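Here is entry.cif, consisting of mmCIF, C-alpha atoms:
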data_model
#
loop_
_atom_site.label_atom_id
_atom_site.label_comp_id
_atom_site.auth_asym_id
_atom_site.auth_seq_id
_atom_site.Cartn_x
_atom_site.Cartn_y
_atom_site.Cartn_z
CA MET T 230 87.17 95.80 65.93
CA HIS T 231 88.54 97.10 69.24
CA ASN T 232 86.84 100.20 70.60
CA LYS T 233 89.35 102.75 71.96
CA ALA T 234 86.79 104.34 74.31
CA THR T 235 86.01 100.97 75.87
CA SER T 236 89.65 100.04 76.33
CA LYS T 237 90.40 103.41 77.93
CA THR T 238 87.51 103.01 80.38
CA GLU T 239 88.56 99.48 81.20
CA ALA T 240 92.14 100.64 81.80
CA GLU T 241 90.93 103.38 84.16
CA THR T 242 88.80 101.01 86.24
CA PRO T 243 90.82 100.00 89.29
CA LYS T 244 91.31 96.30 89.83
CA PRO T 245 89.83 94.86 93.01
CA MET T 246 92.44 94.30 95.72
CA ARG T 247 93.67 90.81 96.42
CA VAL T 248 92.85 89.42 99.85
CA ASP T 249 96.44 89.84 101.08
CA ALA T 250 96.53 93.41 99.75
CA MET T 251 93.27 94.23 101.56
CA ARG T 252 94.71 92.74 104.73
CA ASN T 253 97.87 94.86 104.38
CA HIS T 254 95.76 97.95 103.68
CA GLU T 255 93.81 97.43 106.91
CA LYS T 256 96.97 96.68 108.94
CA ILE T 257 98.59 99.87 107.66
CA LEU T 258 95.54 102.00 108.51
CA LYS T 259 95.32 100.53 112.01
CA ALA T 260 99.04 100.97 112.66
CA ALA T 261 98.96 104.53 111.30
CA GLU T 262 96.02 105.52 113.51
CA GLU T 263 97.76 104.15 116.59
CA THR T 264 101.16 105.59 115.69
CA PHE T 265 99.91 109.08 114.83
CA ALA T 266 97.73 109.20 117.94
CA LEU T 267 100.55 108.13 120.25
CA GLU T 268 103.53 109.83 118.66
CA GLY T 269 102.12 112.61 116.50
CA VAL T 270 101.82 112.93 112.77
CA MET T 271 105.44 113.93 112.26
CA VAL T 272 106.62 110.41 113.07
CA PRO T 273 108.64 108.77 110.27
CA ILE T 274 106.45 106.75 107.95
CA ASP T 275 108.90 103.84 108.32
CA LEU T 276 107.62 103.39 111.87
CA VAL T 277 104.07 102.95 110.60
CA ALA T 278 105.23 100.27 108.15
CA GLU T 279 107.19 98.53 110.90
CA ARG T 280 104.21 98.54 113.28
CA ALA T 281 101.96 97.24 110.50
CA GLY T 282 104.41 94.42 109.80
CA VAL T 283 104.84 95.43 106.15
CA GLY T 284 107.70 96.79 104.10
CA ILE T 285 107.94 100.48 103.26
CA GLY T 286 107.31 99.66 99.59
CA THR T 287 104.02 97.99 100.50
CA LEU T 288 102.99 101.03 102.51
CA TYR T 289 103.80 103.38 99.62
CA ARG T 290 101.92 101.19 97.14
CA HIS T 291 98.80 101.64 99.22
CA PHE T 292 99.43 105.24 100.29
CA PRO T 293 101.87 107.13 98.02
CA THR T 294 102.11 110.06 100.46
CA LYS T 295 101.63 110.63 104.16
CA GLU T 296 98.74 112.92 103.28
CA ALA T 297 97.06 110.06 101.39
CA LEU T 298 97.38 107.97 104.55
CA TYR T 299 95.82 110.75 106.67
CA GLU T 300 92.99 111.08 104.17
CA ALA T 301 92.36 107.33 104.21
CA ILE T 302 92.14 107.32 108.00
CA VAL T 303 89.59 110.14 108.03
CA MET T 304 87.62 108.63 105.14
CA THR T 305 87.52 105.23 106.87
CA ARG T 306 86.24 106.77 110.11
CA LEU T 307 83.57 108.85 108.37
CA THR T 308 82.30 106.05 106.13
CA ALA T 309 82.12 103.68 109.10
CA LEU T 310 79.99 106.21 111.00
CA LEU T 311 77.74 106.67 107.97
CA THR T 312 77.25 102.92 107.73
CA ARG T 313 76.46 102.66 111.44
CA ALA T 314 73.95 105.54 111.18
CA ASP T 315 72.19 103.68 108.36
CA GLN T 316 72.11 100.53 110.47
CA TYR T 317 70.65 102.37 113.45
CA ALA T 318 68.04 103.98 111.18
CA GLN T 319 66.63 100.46 110.64
CA ASP T 320 66.16 99.85 114.37
CA PRO T 321 62.44 99.76 115.21
CA ASP T 322 63.07 101.57 118.52
CA ALA T 323 63.89 105.07 117.27
CA GLY T 324 64.87 106.45 120.68
CA GLN T 325 67.19 103.56 121.44
CA ALA T 326 68.69 103.86 117.94
CA LEU T 327 69.53 107.53 118.44
CA TYR T 328 71.06 107.01 121.88
CA SER T 329 73.02 103.97 120.75
CA PHE T 330 74.42 105.81 117.75
CA LEU T 331 75.35 108.85 119.83
CA ARG T 332 77.09 106.63 122.41
CA GLU T 333 79.05 104.92 119.65
CA PHE T 334 79.86 108.24 117.99
CA ALA T 335 81.10 109.68 121.29
CA ALA T 336 83.17 106.58 122.06
CA GLN T 337 84.85 106.74 118.65
CA ALA T 338 85.46 110.47 118.99
CA ALA T 339 87.08 109.97 122.40
CA GLU T 340 89.12 107.03 121.13
CA LYS T 341 90.41 108.97 118.11
CA ARG T 342 90.76 112.35 119.84
CA ASP T 343 94.56 112.10 120.06
CA LEU T 344 94.84 111.27 116.37
CA PHE T 345 92.69 114.18 115.24
CA GLU T 346 94.41 116.57 117.66
CA SER T 347 97.75 115.52 116.15
CA LEU T 348 96.44 116.11 112.63
CA SER T 349 95.07 119.50 113.66
CA GLN T 350 98.33 120.55 115.36
CA ALA T 351 100.20 119.66 112.17
CA GLY T 352 97.96 122.10 110.30
CA ILE T 353 95.94 119.40 108.58
CA ASP T 354 92.29 120.38 108.24
CA PHE T 355 90.06 117.88 106.52
CA THR T 356 86.84 119.65 107.39
CA ALA T 357 86.59 121.33 103.98
CA GLN T 358 87.88 118.30 102.09
CA PHE T 359 85.32 115.99 103.67
CA SER T 360 82.55 118.55 104.10
CA SER T 361 80.05 116.59 102.00
CA LEU T 362 80.58 113.44 104.10
CA ILE T 363 80.33 115.46 107.31
CA GLU T 364 77.13 117.08 106.07
CA GLU T 365 75.76 113.64 105.16
CA LEU T 366 76.62 112.36 108.63
CA MET T 367 74.95 115.34 110.29
CA ALA T 368 71.85 114.80 108.12
CA LYS T 369 71.72 111.15 109.21
CA VAL T 370 72.03 112.17 112.87
CA ALA T 371 69.25 114.73 112.36
CA ALA T 372 67.07 112.05 110.75
CA LEU T 373 67.70 109.72 113.70
CA ARG T 374 66.80 112.56 116.08
CA VAL T 375 63.60 113.49 114.22
CA ARG T 376 62.56 109.86 113.96
#

Kindly transcribe the structure held in the file into C-alpha cells.
Amino acid sequence: MHNKATSKTEAETPKPMRVDAMRNHEKILKAAEETFALEGVMVPIDLVAERAGVGIGTLYRHFPTKEALYEAIVMTRLTALLTRADQYAQDPDAGQALYSFLREFAAQAAEKRDLFESLSQAGIDFTAQFSSLIEELMAKVAALRVR
C-alpha cells in the first residue's frame, strides 16, 4: 500500500541539481554580482543572462525573480564567510586565525562594496531578512576574538 504522507514528503524534497545546472547557477551568480556592482541593480536581467552565457529561461529557472537573485547573492556571501570562520576556528594559532579571517572579511567587503551599495540605493535591505545569519557570523567572529 502506498503511503500518502510519504509520497507528499518525497514530492516536496528538491532534487539535487545536475552538474551542468550547478555550473549555470554559479555562472549566473557570478555574472549578477559583477553586473549589479558595475551597472546597478536596475540593469535589465537579460544582461545578467548574457554575461553568464545562459539563456533568459535558464536564469529564470534558477532565480524566478530579480529579488531571488539578490537574495542568493547575499546568502552565498554570508554562508561562505560562515564556512571560512569555521575553518579559521580550527587553526591552532588563534591570533593568526582571527587576523586572517578579518583580513579576508575586509577584502570581501571591499570587493563587494559596490554591489551592496547598489542594493541599498535600490531600497533593498537584507539585514532583517538575514539577521540570524549575520548574528551567527558575529558570534563566530566573537569566538575567534575570545579564543

- Message: Calculated over all atoms listed in the file, which of the candidates T:Gly352, T:Leu307, T:His254, T:Leu298 has the smallest distance to T:Ala338?
- Response: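 The shortest atom-to-atom distance to T:Ala338 comes from T:Leu307.
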
Care to translate the PyMOL selection byres ((chain T and resi 361-364) around 12) into actual residues of this file, as a PDB file with C-alpha atoms, keeping the file's coordinate frame?
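Wrote part-v7.pdb, looks like this:
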ATOM      1  CA  VAL T 303      89.590 110.140 108.030  1.00  0.00           C
ATOM      2  CA  MET T 304      87.620 108.630 105.140  1.00  0.00           C
ATOM      3  CA  THR T 305      87.520 105.230 106.870  1.00  0.00           C
ATOM      4  CA  ARG T 306      86.240 106.770 110.110  1.00  0.00           C
ATOM      5  CA  LEU T 307      83.570 108.850 108.370  1.00  0.00           C
ATOM      6  CA  THR T 308      82.300 106.050 106.130  1.00  0.00           C
ATOM      7  CA  ALA T 309      82.120 103.680 109.100  1.00  0.00           C
ATOM      8  CA  LEU T 310      79.990 106.210 111.000  1.00  0.00           C
ATOM      9  CA  LEU T 311      77.740 106.670 107.970  1.00  0.00           C
ATOM     10  CA  THR T 312      77.250 102.920 107.730  1.00  0.00           C
ATOM     11  CA  PHE T 355      90.060 117.880 106.520  1.00  0.00           C
ATOM     12  CA  THR T 356      86.840 119.650 107.390  1.00  0.00           C
ATOM     13  CA  ALA T 357      86.590 121.330 103.980  1.00  0.00           C
ATOM     14  CA  GLN T 358      87.880 118.300 102.090  1.00  0.00           C
ATOM     15  CA  PHE T 359      85.320 115.990 103.670  1.00  0.00           C
ATOM     16  CA  SER T 360      82.550 118.550 104.100  1.00  0.00           C
ATOM     17  CA  GLU T 365      75.760 113.640 105.160  1.00  0.00           C
ATOM     18  CA  LEU T 366      76.620 112.360 108.630  1.00  0.00           C
ATOM     19  CA  MET T 367      74.950 115.340 110.290  1.00  0.00           C
ATOM     20  CA  ALA T 368      71.850 114.800 108.120  1.00  0.00           C
ATOM     21  CA  LYS T 369      71.720 111.150 109.210  1.00  0.00           C
ATOM     22  CA  VAL T 370      72.030 112.170 112.870  1.00  0.00           C
ATOM     23  CA  ALA T 371      69.250 114.730 112.360  1.00  0.00           C
TER      24      ALA T 371
END

- Result set of the PyMOL selection byres ((chain T and resi 344) around 8) on the coordinates above, as an NGL selection string: :T and (262-263 or 265-267 or 269 or 341-343 or 345-348)

- Rounded to one decimal place, report the atom CA of T:Phe330-atom CA of T:Ala314 distance in Å. 6.6 Å

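Polymer residues near (104.2, 105.5, 111.3): counting all atoms listed in the file with a cut-off of 9 Å, they are Ile257, Ala260, Ala261, Glu262, Glu263, Thr264, Phe265, Glu268, Val270, Met271, Val272, Pro273, Ile274, Asp275, Leu276, Val277, Ala278, Glu279, Arg280 and Ala281 of chain T.
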
- Just how far from atom CA of T:Leu288 is atom CA of T:Glu340, in Å to one decimal?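 Value for the atom CA of T:Glu340-atom CA of T:Leu288 distance: 24.0 Å.
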